[in-house]
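The file target22.txt contains compact mmCIF, C-alpha atoms and all ligand atoms:
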# COMPACT_ATOMS: atom_id res chain seq x y z
CA MET A 51 -177.42 49.99 -124.92
CA GLU A 52 -178.39 53.67 -124.82
CA ASN A 53 -176.95 56.82 -126.37
CA ILE A 54 -176.42 58.83 -123.23
CA LEU A 55 -175.67 62.54 -123.22
CA ILE A 56 -174.10 63.87 -120.02
CA SER A 57 -174.01 67.65 -119.76
CA GLY A 58 -171.20 68.58 -117.38
CA GLY A 59 -169.80 65.11 -118.06
CA ALA A 60 -166.21 66.29 -117.59
CA GLY A 61 -166.89 67.30 -113.99
CA PHE A 62 -166.46 65.32 -110.79
CA ILE A 63 -169.72 63.35 -110.84
CA GLY A 64 -170.04 63.42 -114.64
CA SER A 65 -166.63 61.95 -115.43
CA ASN A 66 -167.09 59.12 -112.92
CA LEU A 67 -170.56 58.44 -114.28
CA ALA A 68 -169.32 58.54 -117.88
CA LEU A 69 -166.64 55.93 -117.20
CA LYS A 70 -169.13 53.67 -115.44
CA LEU A 71 -171.66 53.94 -118.29
CA VAL A 72 -168.97 53.21 -120.89
CA SER A 73 -167.95 50.12 -118.90
CA LEU A 74 -171.60 49.00 -119.01
CA GLY A 75 -171.54 49.23 -122.82
CA HIS A 76 -173.42 52.50 -123.37
CA ASN A 77 -172.43 55.17 -125.90
CA VAL A 78 -171.61 58.30 -123.97
CA ARG A 79 -171.49 61.84 -125.29
CA VAL A 80 -170.38 64.71 -123.08
CA LEU A 81 -171.31 68.39 -123.42
CA ASP A 82 -169.03 70.49 -121.23
CA ASN A 83 -167.36 73.90 -121.53
CA LEU A 84 -164.44 72.86 -119.30
CA SER A 85 -165.03 75.73 -116.89
CA PRO A 86 -161.60 77.01 -115.71
CA GLN A 87 -162.78 77.06 -112.07
CA ILE A 88 -162.89 73.25 -112.22
CA HIS A 89 -160.49 72.34 -115.02
CA THR A 90 -157.75 75.05 -114.92
CA ASN A 91 -157.12 76.93 -118.13
CA SER A 92 -155.94 74.02 -120.23
CA LYS A 93 -157.45 70.70 -121.24
CA GLU A 94 -154.05 69.10 -120.79
CA ASN A 95 -153.97 70.00 -117.11
CA SER A 96 -157.51 68.86 -116.40
CA GLN A 97 -157.24 65.39 -114.92
CA LEU A 98 -161.00 65.02 -115.06
CA TYR A 99 -161.07 65.75 -118.78
CA GLN A 100 -158.06 63.50 -119.39
CA SER A 101 -159.84 60.65 -117.58
CA ILE A 102 -162.69 60.61 -120.15
CA LYS A 103 -160.74 61.70 -123.24
CA GLY A 104 -161.01 59.11 -126.04
CA LYS A 105 -163.63 57.11 -124.13
CA VAL A 106 -166.60 59.38 -124.82
CA THR A 107 -167.63 61.68 -127.66
CA PHE A 108 -166.69 65.08 -126.31
CA ILE A 109 -168.43 68.29 -127.34
CA ASN A 110 -166.71 71.40 -126.04
CA GLY A 111 -169.80 73.55 -125.69
CA ASP A 112 -171.85 75.68 -123.39
CA VAL A 113 -175.33 74.94 -122.04
CA ARG A 114 -176.16 78.61 -122.66
CA ASN A 115 -175.78 77.98 -126.40
CA ARG A 116 -178.73 76.49 -128.30
CA LYS A 117 -176.60 75.14 -131.15
CA ASP A 118 -174.42 73.22 -128.68
CA TRP A 119 -177.53 71.62 -127.18
CA GLN A 120 -178.92 70.77 -130.64
CA LYS A 121 -175.68 69.04 -131.59
CA ALA A 122 -175.49 67.22 -128.26
CA ILE A 123 -179.12 66.09 -128.11
CA ALA A 124 -179.20 64.65 -131.67
CA ASN A 125 -179.71 60.83 -131.47
CA SER A 126 -179.47 60.80 -127.66
CA THR A 127 -181.90 58.49 -125.89
CA VAL A 128 -181.08 59.63 -122.35
CA ILE A 129 -179.92 63.01 -121.07
CA VAL A 130 -178.19 63.31 -117.69
CA HIS A 131 -178.12 67.03 -116.97
CA LEU A 132 -175.26 67.79 -114.60
CA ALA A 133 -173.69 70.97 -116.03
CA ALA A 134 -174.05 73.74 -113.48
CA GLU A 135 -172.39 76.44 -111.46
CA THR A 136 -172.17 74.79 -108.03
CA GLY A 137 -170.89 77.16 -105.31
CA THR A 138 -173.49 78.04 -102.68
CA GLY A 139 -171.60 81.09 -101.37
CA GLN A 140 -170.45 82.24 -104.79
CA SER A 141 -174.04 82.09 -106.04
CA MET A 142 -174.92 84.94 -103.65
CA TYR A 143 -172.88 87.46 -105.65
CA GLN A 144 -172.61 85.87 -109.12
CA ILE A 145 -176.37 85.80 -109.34
CA GLU A 146 -176.76 86.53 -113.04
CA LYS A 147 -174.23 83.86 -114.03
CA TYR A 148 -175.75 81.20 -111.77
CA VAL A 149 -179.24 81.85 -113.09
CA GLN A 150 -178.08 81.97 -116.72
CA VAL A 151 -176.11 78.72 -116.55
CA ASN A 152 -178.36 76.69 -114.26
CA CYS A 153 -181.85 77.94 -115.14
CA GLY A 154 -181.11 79.40 -118.60
CA GLY A 155 -179.15 76.32 -119.69
CA THR A 156 -181.97 74.03 -118.57
CA ALA A 157 -184.54 76.22 -120.31
CA ILE A 158 -182.68 75.97 -123.63
CA MET A 159 -182.37 72.19 -123.33
CA LEU A 160 -186.12 71.89 -122.76
CA ASP A 161 -186.91 74.40 -125.50
CA VAL A 162 -184.94 72.29 -128.00
CA LEU A 163 -186.84 69.18 -126.89
CA ALA A 164 -190.19 70.98 -127.05
CA ASN A 165 -189.67 72.41 -130.53
CA GLU A 166 -187.48 70.00 -132.45
CA LYS A 167 -187.38 66.29 -133.27
CA TYR A 168 -185.83 64.16 -130.57
CA THR A 169 -185.18 60.54 -129.62
CA VAL A 170 -184.85 61.22 -125.88
CA LYS A 171 -186.87 58.89 -123.63
CA LYS A 172 -185.54 59.99 -120.27
CA VAL A 173 -183.95 63.00 -118.56
CA VAL A 174 -182.11 62.63 -115.25
CA VAL A 175 -181.23 65.93 -113.58
CA ALA A 176 -178.83 66.61 -110.73
CA SER A 177 -180.83 68.40 -108.09
CA SER A 178 -179.43 69.12 -104.64
CA ARG A 179 -180.04 69.00 -100.90
CA ALA A 180 -179.68 72.81 -101.16
CA ILE A 181 -183.32 73.03 -102.26
CA TYR A 182 -184.45 72.12 -98.71
CA GLY A 183 -182.65 75.00 -97.03
CA GLU A 184 -182.52 74.15 -93.33
CA GLY A 185 -184.59 71.01 -93.86
CA LYS A 186 -186.83 69.29 -91.35
CA TYR A 187 -186.55 69.54 -87.53
CA HIS A 188 -188.41 68.46 -84.42
CA CYS A 189 -189.74 70.95 -81.87
CA GLU A 190 -190.74 69.64 -78.41
CA SER A 191 -193.85 71.81 -78.48
CA HIS A 192 -194.73 71.99 -82.18
CA GLY A 193 -193.67 68.63 -83.65
CA GLU A 194 -192.27 68.65 -87.21
CA VAL A 195 -191.17 72.14 -88.22
CA TYR A 196 -189.15 73.88 -90.95
CA PRO A 197 -187.11 76.63 -89.31
CA ASP A 198 -186.43 79.91 -91.06
CA GLU A 199 -182.95 80.85 -92.15
CA ARG A 200 -180.83 81.66 -89.10
CA GLU A 201 -180.60 85.37 -88.28
CA ASP A 202 -177.35 87.33 -88.23
CA THR A 203 -178.24 88.60 -84.73
CA GLN A 204 -178.62 85.03 -83.45
CA MET A 205 -175.37 83.75 -84.94
CA SER A 206 -173.34 86.77 -83.86
CA ASN A 207 -174.15 85.67 -80.28
CA GLY A 208 -172.71 82.23 -80.97
CA GLN A 209 -176.16 80.59 -81.12
CA PHE A 210 -175.97 78.47 -84.22
CA GLU A 211 -178.72 75.87 -83.79
CA PRO A 212 -181.90 76.71 -85.72
CA LEU A 213 -184.79 77.85 -83.52
CA CYS A 214 -188.47 77.05 -83.83
CA SER A 215 -190.01 79.97 -85.69
CA ILE A 216 -193.09 79.75 -83.43
CA CYS A 217 -191.66 79.33 -79.89
CA LYS A 218 -187.98 80.23 -80.52
CA GLN A 219 -186.83 77.09 -78.70
CA PRO A 220 -183.86 75.00 -80.00
CA LEU A 221 -184.77 72.15 -82.35
CA GLY A 222 -183.60 68.59 -83.02
CA MET A 223 -182.59 67.62 -86.56
CA LEU A 224 -184.72 65.12 -88.49
CA ALA A 225 -183.84 63.31 -91.71
CA THR A 226 -185.23 65.34 -94.62
CA ASP A 227 -187.51 63.38 -96.95
CA GLU A 228 -188.64 64.30 -100.45
CA ASP A 229 -191.99 65.68 -99.24
CA SER A 230 -190.21 68.17 -96.98
CA LYS A 231 -190.72 71.85 -97.60
CA ILE A 232 -188.67 73.32 -100.44
CA HIS A 233 -187.20 76.56 -99.13
CA PRO A 234 -183.69 77.16 -100.43
CA SER A 235 -181.49 79.63 -98.59
CA SER A 236 -179.14 80.44 -101.48
CA ILE A 237 -179.41 81.46 -105.12
CA TYR A 238 -177.71 78.15 -105.96
CA GLY A 239 -180.49 76.28 -104.12
CA ILE A 240 -183.15 78.28 -105.96
CA THR A 241 -181.60 77.46 -109.33
CA LYS A 242 -181.42 73.74 -108.48
CA SER A 243 -185.06 73.76 -107.45
CA ASP A 244 -185.95 75.61 -110.68
CA GLN A 245 -183.99 73.13 -112.80
CA GLU A 246 -185.76 70.23 -111.15
CA GLN A 247 -189.23 71.70 -111.49
CA MET A 248 -188.73 72.88 -115.06
CA ILE A 249 -187.57 69.41 -116.11
CA LEU A 250 -190.31 67.50 -114.26
CA VAL A 251 -193.05 69.73 -115.64
CA ALA A 252 -191.79 70.09 -119.24
CA CYS A 253 -190.84 66.43 -119.66
CA LYS A 254 -194.27 65.33 -118.48
CA SER A 255 -195.92 67.33 -121.24
CA LEU A 256 -193.43 65.90 -123.78
CA GLY A 257 -193.99 62.29 -122.70
CA ILE A 258 -190.37 61.97 -121.55
CA SER A 259 -189.76 60.36 -118.16
CA ALA A 260 -187.80 62.58 -115.77
CA ILE A 261 -185.99 61.82 -112.54
CA ALA A 262 -184.50 64.49 -110.28
CA LEU A 263 -181.75 63.18 -108.03
CA ARG A 264 -181.28 65.34 -104.97
CA TYR A 265 -177.61 64.69 -104.28
CA GLN A 266 -176.33 65.42 -100.78
CA ASN A 267 -172.63 66.35 -100.25
CA VAL A 268 -170.79 64.20 -102.76
CA TYR A 269 -167.11 63.45 -102.12
CA GLY A 270 -164.37 61.15 -103.30
CA PRO A 271 -161.42 60.75 -105.64
CA GLY A 272 -161.65 63.12 -108.59
CA GLN A 273 -163.31 66.05 -106.85
CA SER A 274 -161.76 69.36 -107.77
CA LEU A 275 -158.79 70.33 -105.63
CA ILE A 276 -158.55 73.76 -107.21
CA ASN A 277 -162.08 75.07 -106.76
CA PRO A 278 -162.09 76.97 -103.43
CA TYR A 279 -165.83 77.67 -103.61
CA THR A 280 -167.17 74.19 -103.00
CA GLY A 281 -166.22 70.82 -101.51
CA ILE A 282 -165.23 71.04 -97.86
CA LEU A 283 -163.02 67.93 -98.03
CA SER A 284 -161.00 69.41 -100.89
CA ILE A 285 -160.75 72.80 -99.20
CA PHE A 286 -159.52 71.30 -95.91
CA SER A 287 -157.13 68.94 -97.74
CA THR A 288 -155.61 71.78 -99.74
CA ARG A 289 -155.16 73.79 -96.55
CA ILE A 290 -153.52 70.88 -94.74
CA LEU A 291 -151.17 69.98 -97.59
CA ASN A 292 -150.08 73.61 -97.91
CA ASN A 293 -149.44 73.63 -94.14
CA ASN A 294 -152.11 76.25 -93.56
CA PRO A 295 -154.39 76.25 -90.52
CA ILE A 296 -158.00 75.17 -90.85
CA ASN A 297 -160.64 77.66 -89.87
CA ILE A 298 -163.83 75.87 -88.86
CA PHE A 299 -166.92 78.03 -89.07
CA GLU A 300 -169.56 78.28 -86.35
CA ASP A 301 -168.79 75.87 -83.47
CA GLY A 302 -167.77 72.89 -85.60
CA LYS A 303 -170.95 70.99 -84.72
CA GLU A 304 -172.66 71.86 -88.01
CA SER A 305 -173.16 68.67 -90.00
CA ARG A 306 -173.65 67.33 -93.50
CA ASP A 307 -174.70 64.10 -95.20
CA PHE A 308 -171.54 63.01 -97.06
CA VAL A 309 -172.15 60.47 -99.79
CA PHE A 310 -169.32 58.72 -101.62
CA ILE A 311 -168.94 59.19 -105.37
CA ASP A 312 -169.30 55.47 -106.20
CA ASP A 313 -172.64 55.38 -104.38
CA VAL A 314 -173.79 58.48 -106.28
CA VAL A 315 -172.75 56.93 -109.60
CA ASN A 316 -174.60 53.72 -108.71
CA ALA A 317 -177.76 55.62 -107.77
CA THR A 318 -177.58 57.57 -111.04
CA VAL A 319 -177.08 54.40 -113.10
CA LEU A 320 -180.11 52.85 -111.37
CA ALA A 321 -182.16 55.94 -112.29
CA ILE A 322 -180.99 55.74 -115.92
CA GLN A 323 -181.71 52.03 -116.25
CA ASP A 324 -185.06 52.01 -114.48
CA ASN A 325 -188.03 51.76 -116.81
CA LYS A 326 -190.89 51.82 -114.30
CA LEU A 327 -190.72 55.34 -112.88
CA LYS A 328 -192.29 58.07 -114.98
CA SER A 329 -191.44 61.17 -113.03
CA CYS A 330 -190.15 61.73 -109.51
CA SER A 331 -187.59 63.32 -107.18
CA LEU A 332 -185.30 61.16 -105.06
CA ASN A 333 -182.76 61.91 -102.34
CA VAL A 334 -179.31 60.43 -102.92
CA GLY A 335 -177.32 60.43 -99.71
CA SER A 336 -175.75 58.29 -97.02
CA GLY A 337 -178.53 58.96 -94.50
CA VAL A 338 -175.83 59.78 -91.92
CA SER A 339 -174.80 63.22 -90.69
CA THR A 340 -171.17 63.99 -89.91
CA THR A 341 -169.97 67.17 -88.18
CA VAL A 342 -167.48 69.51 -89.80
CA GLN A 343 -165.25 69.13 -86.74
CA THR A 344 -165.13 65.36 -87.35
CA VAL A 345 -164.22 65.95 -91.00
CA ALA A 346 -161.34 68.28 -90.08
CA ASP A 347 -160.03 66.00 -87.29
CA SER A 348 -160.24 62.88 -89.47
CA LEU A 349 -158.42 64.53 -92.37
CA LYS A 350 -155.68 65.88 -90.10
CA LYS A 351 -155.14 62.38 -88.73
CA LEU A 352 -155.13 60.69 -92.15
CA TYR A 353 -152.60 63.20 -93.54
CA GLN A 354 -150.58 62.86 -90.28
CA SER A 355 -150.47 66.64 -90.16
CA ASP A 356 -149.98 68.99 -87.24
CA VAL A 357 -151.75 72.05 -88.70
CA ASP A 358 -153.90 74.04 -86.29
CA ILE A 359 -157.64 73.47 -86.38
CA LYS A 360 -159.32 76.60 -85.14
CA VAL A 361 -163.03 76.74 -84.38
CA SER A 362 -163.50 80.41 -85.16
CA GLY A 363 -167.17 81.18 -84.67
CA ASN A 364 -167.10 82.82 -88.13
CA TYR A 365 -170.20 82.13 -90.16
CA ARG A 366 -171.60 82.61 -93.63
CA LEU A 367 -175.05 84.03 -94.16
CA GLY A 368 -177.16 81.53 -96.11
CA ASP A 369 -175.30 78.46 -94.81
CA ILE A 370 -177.46 75.73 -93.35
CA ARG A 371 -176.74 74.19 -89.95
CA HIS A 372 -177.43 70.48 -90.43
CA ASN A 373 -178.30 68.09 -93.15
CA LYS A 374 -179.26 64.44 -93.26
CA ALA A 375 -181.27 62.81 -96.02
CA ASP A 376 -184.06 60.33 -95.57
CA ILE A 377 -183.16 57.78 -98.25
CA SER A 378 -186.06 55.37 -97.83
CA LYS A 379 -187.79 56.46 -101.07
CA ILE A 380 -184.86 55.70 -103.39
CA LYS A 381 -184.32 52.44 -101.53
CA LYS A 382 -187.92 51.45 -102.12
CA LEU A 383 -188.23 52.64 -105.73
CA LEU A 384 -184.77 51.88 -107.14
CA GLY A 385 -183.31 49.44 -104.62
CA PHE A 386 -180.47 51.86 -103.81
CA SER A 387 -178.55 51.73 -100.58
CA PRO A 388 -175.14 53.33 -100.01
CA LYS A 389 -172.24 50.91 -99.68
CA VAL A 390 -169.31 53.09 -98.60
CA SER A 391 -169.03 54.32 -95.00
CA PHE A 392 -167.64 57.79 -94.32
CA ASP A 393 -164.46 56.34 -92.79
CA ASP A 394 -163.76 54.10 -95.80
CA GLY A 395 -164.66 56.81 -98.29
CA LEU A 396 -162.49 59.39 -96.57
CA LYS A 397 -159.54 57.02 -96.62
CA GLN A 398 -160.00 56.42 -100.36
CA PHE A 399 -160.23 60.17 -100.92
CA VAL A 400 -157.07 60.90 -98.93
CA ASP A 401 -155.12 58.11 -100.66
CA TRP A 402 -156.09 59.68 -103.97
CA VAL A 403 -155.20 63.23 -102.88
CA LYS A 404 -151.76 62.06 -101.73
CA ASN A 405 -151.01 61.11 -105.34
CA GLN A 406 -152.16 64.46 -106.75
CA GLU A 407 -150.19 67.60 -107.33
CA VAL A 408 -151.73 69.98 -104.82
CA ASN A 409 -150.66 73.47 -105.74
CA SER A 410 -151.91 76.82 -104.65
CA ASP A 411 -154.50 77.29 -101.98
CA ASN A 412 -157.01 79.87 -103.25
CA TYR A 413 -159.12 79.62 -100.15
CA GLU A 414 -158.19 83.04 -98.70
CA GLN A 415 -159.25 84.64 -101.96
CA SER A 416 -162.70 83.02 -101.80
CA ILE A 417 -163.09 84.09 -98.15
CA ASN A 418 -162.08 87.66 -98.98
CA GLU A 419 -164.68 87.72 -101.74
CA MET A 420 -167.34 86.61 -99.26
CA LYS A 421 -166.19 89.28 -96.78
CA ASP A 422 -166.22 91.97 -99.46
CA LYS A 423 -169.81 91.09 -100.28
CA GLY A 424 -170.84 91.20 -96.59
CA LEU A 425 -171.70 87.49 -96.55
CA MET A 426 -168.99 86.33 -94.17
CA LYS A 427 -169.11 87.32 -90.51
N1 LIG A 501 -170.76 67.56 -105.80
C1 LIG A 501 -171.77 67.70 -104.96
O1 LIG A 501 -171.60 67.58 -103.73
C2 LIG A 501 -173.15 67.98 -105.47
C3 LIG A 501 -174.21 68.00 -104.54
C4 LIG A 501 -175.49 68.28 -104.99
C5 LIG A 501 -175.71 68.49 -106.34
N2 LIG A 501 -174.67 68.49 -107.22
C6 LIG A 501 -174.95 68.76 -108.63
O2 LIG A 501 -174.38 67.74 -109.42
C7 LIG A 501 -173.93 68.28 -110.67
C8 LIG A 501 -172.49 67.91 -110.90
O3 LIG A 501 -171.71 68.40 -109.82
P1 LIG A 501 -170.15 68.17 -109.74
O4 LIG A 501 -169.78 68.10 -108.32
O5 LIG A 501 -169.74 67.09 -110.66
O6 LIG A 501 -169.65 69.58 -110.29
P2 LIG A 501 -168.39 69.93 -111.17
O7 LIG A 501 -168.19 71.39 -111.04
O8 LIG A 501 -167.24 69.02 -110.89
O9 LIG A 501 -168.90 69.61 -112.65
C9 LIG A 501 -169.72 70.48 -113.37
C10 LIG A 501 -169.29 70.41 -114.83
O10 LIG A 501 -170.16 71.31 -115.55
C11 LIG A 501 -169.35 72.04 -116.47
N3 LIG A 501 -170.00 73.31 -116.74
C12 LIG A 501 -170.13 74.38 -115.91
N4 LIG A 501 -170.75 75.38 -116.55
C13 LIG A 501 -171.02 74.93 -117.81
C14 LIG A 501 -171.62 75.51 -118.95
N5 LIG A 501 -172.06 76.78 -118.93
N6 LIG A 501 -171.76 74.76 -120.06
C15 LIG A 501 -171.29 73.48 -120.11
N7 LIG A 501 -170.68 72.89 -119.07
C16 LIG A 501 -170.55 73.60 -117.92
C17 LIG A 501 -168.01 72.21 -115.77
O11 LIG A 501 -166.96 72.47 -116.70
C18 LIG A 501 -167.86 70.89 -115.03
O12 LIG A 501 -167.14 69.97 -115.83
C19 LIG A 501 -174.21 69.78 -110.58
O13 LIG A 501 -175.44 70.03 -111.24
C20 LIG A 501 -174.33 70.05 -109.10
O14 LIG A 501 -175.18 71.16 -108.86
C21 LIG A 501 -173.39 68.22 -106.81

Before anything else, please render the file you have as C-alpha cells.
Amino acid sequence: MENILISGGAGFIGSNLALKLVSLGHNVRVLDNLSPQIHTNSKENSQLYQSIKGKVTFINGDVRNRKDWQKAIANSTVIVHLAAETGTGQSMYQIEKYVQVNCGGTAIMLDVLANEKYTVKKVVVASSRAIYGEGKYHCESHGEVYPDEREDTQMSNGQFEPLCSICKQPLGMLATDEDSKIHPSSIYGITKSDQEQMILVACKSLGISAIALRYQNVYGPGQSLINPYTGILSIFSTRILNNNPINIFEDGKESRDFVFIDDVVNATVLAIQDNKLKSCSLNVGSGVSTTVQTVADSLKKLYQSDVDIKVSGNYRLGDIRHNKADISKIKKLLGFSPKVSFDDGLKQFVDWVKNQEVNSDNYEQSINEMKDKGLMK
C-alpha cells in the first residue's frame, strides 16, 4: 500500500485514477485548485469533485504555490503529476498562464523535493502526444520523415496533408514511437515536453524513479462537458444535444488516436506499481487512428440526432493533421495493451452523457477567441 499524491486528481483522468487506486487499497491524496473551466464555480456542481469527495484526502491548493506542494508531498511515497492547463488552442494566447501552471508548477514540485526531506520513491507525470507535433511520416523518396508544421498558405488552398519538407510531396502517416522527434507545434506541447524533461532529469539526480506517460486523446465518461477548449467528443456532444450544427475543420479526414479512460487508468496503475523501471517515457494510446468525420458521424448516430455536420475547410494554426501512437514499448515494458475498442468506448461515453445535465454550449465563444487572436482561419 502506497501513499499516493495525485496533483490534478479532481480532473477527468485524476478522479478516475484516484477511485481505482482507492479500490486497490492505496491511500490517495489529491492536490487540485478546482479550476472553474473544468469544475464550474462551485464544488457542489462539480461532478468530478463529488465523485472523489470523502474517498481521498483533498487539498484545495494550487501547483503554483510552494506551501501547497509542501503540504501535499509530506509522507507521500508516489506522486502522479496530472495538474495542468490542457487546451492546445488556448495555450497559444494564454501563454504566461500555461507556462506558469505547467512548467512553473512542476518546477516548484521538483524544487521542494530537491531541497527538503521527502519519502517519495516515484514520480509519474502526464505527458502528451502533443510533444511530437506532426509526428512521424513516410515519404516515398526520403523514407521516415518529420514534416514541419503545415503552412497557412498550404491549408488556405485546401491542402491539409503534411508535405515532405525536402521534396514537398504528400506523406503517409506512421505510428509515432517514443524515439520520434520531439517538435511540439503549440505552447501546450512545449510545456508538456518541459514537464517531462524536468521530471526525468531532476528525479534521476534525486534517486527517484520517474515515468512520463505520453497520453494520446483520452476520452470516456467523466470528461468535462463544460470545457469548450479541449475534448472533441465533449464538444461535439454538447453541440448535438443543444441542437447546434457541427463544424468539422479541414476536410474531416484529420485523425487522432483515441484511448479510453479505463485503459489510461490501467496503464497509469501499471506505471505506479512497476518496480523495475528507473526512468523512461512511454506512449499510452490505442494504436489506432480515427478520423474526425468518423467521430462526428458516430456520435450523431448514437444520439439519434439530425443536426447538420458541415465539413467547413476552416482550420486552426498549430493543429496537427494525424496522430497514431506506436504502443509496443509500453506493451513490452509494462505489459499494457488497450482493452476497449473505439466503438465500445464511444457507446459507454454516450450512455454516460445521456444521463448528464448538458447545459450551455460555450463553443462559439472559444471559436471567437481563436478568431480574435488570428489563430482560426
Ligand atoms: N485528456 C487528455 O486527452 C490528455 C491527453 C494528453 C495528456 N493529458 C494530460 O493529462 C493530465 C490530466 O488531464 P485531464 O484530461 O484529466 O485534465 P482535466 O482538466 O480534467 O484535469 C486537470 C485537473 O488539474 C486541475 N488544475 C488545473 N490547474 C491547476 C493548478 N494551477 N493547481 C492545481 N490544480 C490545477 C484542474 O482543476 C483539474 O481538476 C494533464 O496533465 C493533461 O495535460 C490529457

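With only C-alpha atoms and all ligand atoms as the atoms that count, the minimum distance from ligand LIG 501 (chain A) to the choices A:Ser348, A:Ser378, A:Asn83, A:Ser236 is reached by A:Asn83.
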
Who sits within 9 Å of A:Asp358, all atoms listed in the file, same chain under 6 positions skipped, as an mmCIF file with C-alpha atoms, in the coordinates of the input:
data_model
loop_
_atom_site.group_PDB
_atom_site.id
_atom_site.type_symbol
_atom_site.label_atom_id
_atom_site.label_comp_id
_atom_site.auth_asym_id
_atom_site.auth_seq_id
_atom_site.Cartn_x
_atom_site.Cartn_y
_atom_site.Cartn_z
ATOM 1 C CA ASN A 294 -152.110 76.250 -93.560
ATOM 2 C CA PRO A 295 -154.390 76.250 -90.520
ATOM 3 C CA ILE A 296 -158.000 75.170 -90.850
ATOM 4 C CA ASN A 297 -160.640 77.660 -89.870
#

- Task: Can you pull out every residue within 12 Å of stretch 90-98 of chain A, counting only C-alpha atoms, but drop anything in the same chain fewer than 5 positions away, and send it as a PyMOL selection string?
- Result: chain A and resi 58-69+82-85+103+108+110+271-277+406-407+409-410

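Put simply, atom CA of A:Ser255 is 16.6 Å away from atom CA of A:Ile129.
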
- Task: Quick one: pull the distance between atom CA of A:Asp161 and atom CA of A:Asn125, Å, one decimal.
- Result: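 Computed distance, atom CA of A:Asp161 to atom CA of A:Asn125, equals 16.5 Å.
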
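Taking atom CA of A:His192 and atom CA of A:Thr226 as endpoints, the distance between them is 17.0 Å.
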
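Distances here use all atoms listed in the file; by that measure, the residue among A:Ser177, A:Lys121, A:Tyr168, A:Gly222 closest to A:Ser191 is A:Gly222.
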
Excluding A:Ile109 and its own-chain neighbours fewer than 2 positions away, which residues fall within 10 Å of it when counting only C-alpha atoms? Please give them as a CSV table (one decimal) with C-alpha atoms, keeping the file's coordinate frame.
chain,number,residue,atom,x,y,z
A,57,SER,CA,-174.0,67.6,-119.8
A,59,GLY,CA,-169.8,65.1,-118.1
A,79,ARG,CA,-171.5,61.8,-125.3
A,80,VAL,CA,-170.4,64.7,-123.1
A,81,LEU,CA,-171.3,68.4,-123.4
A,82,ASP,CA,-169.0,70.5,-121.2
A,83,ASN,CA,-167.4,73.9,-121.5
A,106,VAL,CA,-166.6,59.4,-124.8
A,107,THR,CA,-167.6,61.7,-127.7
A,111,GLY,CA,-169.8,73.6,-125.7
A,112,ASP,CA,-171.8,75.7,-123.4
A,118,ASP,CA,-174.4,73.2,-128.7
A,119,TRP,CA,-177.5,71.6,-127.2
A,121,LYS,CA,-175.7,69.0,-131.6
A,122,ALA,CA,-175.5,67.2,-128.3

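Shortest separation to A:Gly239 among A:Gly75, A:Gly302, A:Gly208, A:Gly137 occurs at residue A:Gly137, atoms counted being only C-alpha atoms.
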
- Item | Top pick for closest residue to A:Ser259, considering A:Asp324, A:Met159, A:His76, A:Thr344 and counting all atoms listed in the file |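 Answer, going by the shortest atom-to-atom distance: A:Asp324.
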
- Fewer than 5 positions away in the same chain doesn't count, so skip those; otherwise give me all residues within 10 Å of A:Leu383, counting only C-alpha atoms, as a PyMOL selection string. chain A and resi 320-321+324+326-327+332+378

Go ahead and write the residues just picked, C-alpha atoms, as a CSV table (one decimal), in the frame of the given file.
chain,number,residue,atom,x,y,z
A,320,LEU,CA,-180.1,52.8,-111.4
A,321,ALA,CA,-182.2,55.9,-112.3
A,324,ASP,CA,-185.1,52.0,-114.5
A,326,LYS,CA,-190.9,51.8,-114.3
A,327,LEU,CA,-190.7,55.3,-112.9
A,332,LEU,CA,-185.3,61.2,-105.1
A,378,SER,CA,-186.1,55.4,-97.8

- Query: Closest to ligand LIG 501 (chain A) among A:Leu213, A:Met51, A:Ala375, A:Cys189, using all atoms listed in the file?
  - Reply: A:Ala375

- Query: Which is closer to A:Ile237 than all the others in A:Ser141, A:Asn364, A:Ser126, A:Ser336, using only C-alpha atoms?
  - Reply: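 Looking only at the distances to A:Ile237, the closest residue turns out to be A:Ser141.
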
- Message: Can you tell me which residues surround A:Asn333 at a distance of at most 9 Å, considering all atoms listed in the file, apart from same-chain residues fewer than 6 positions away, and format the answer as a VMD selection string?
- Response: chain A and resid 177 to 179 226 to 228 262 to 266 375 to 380
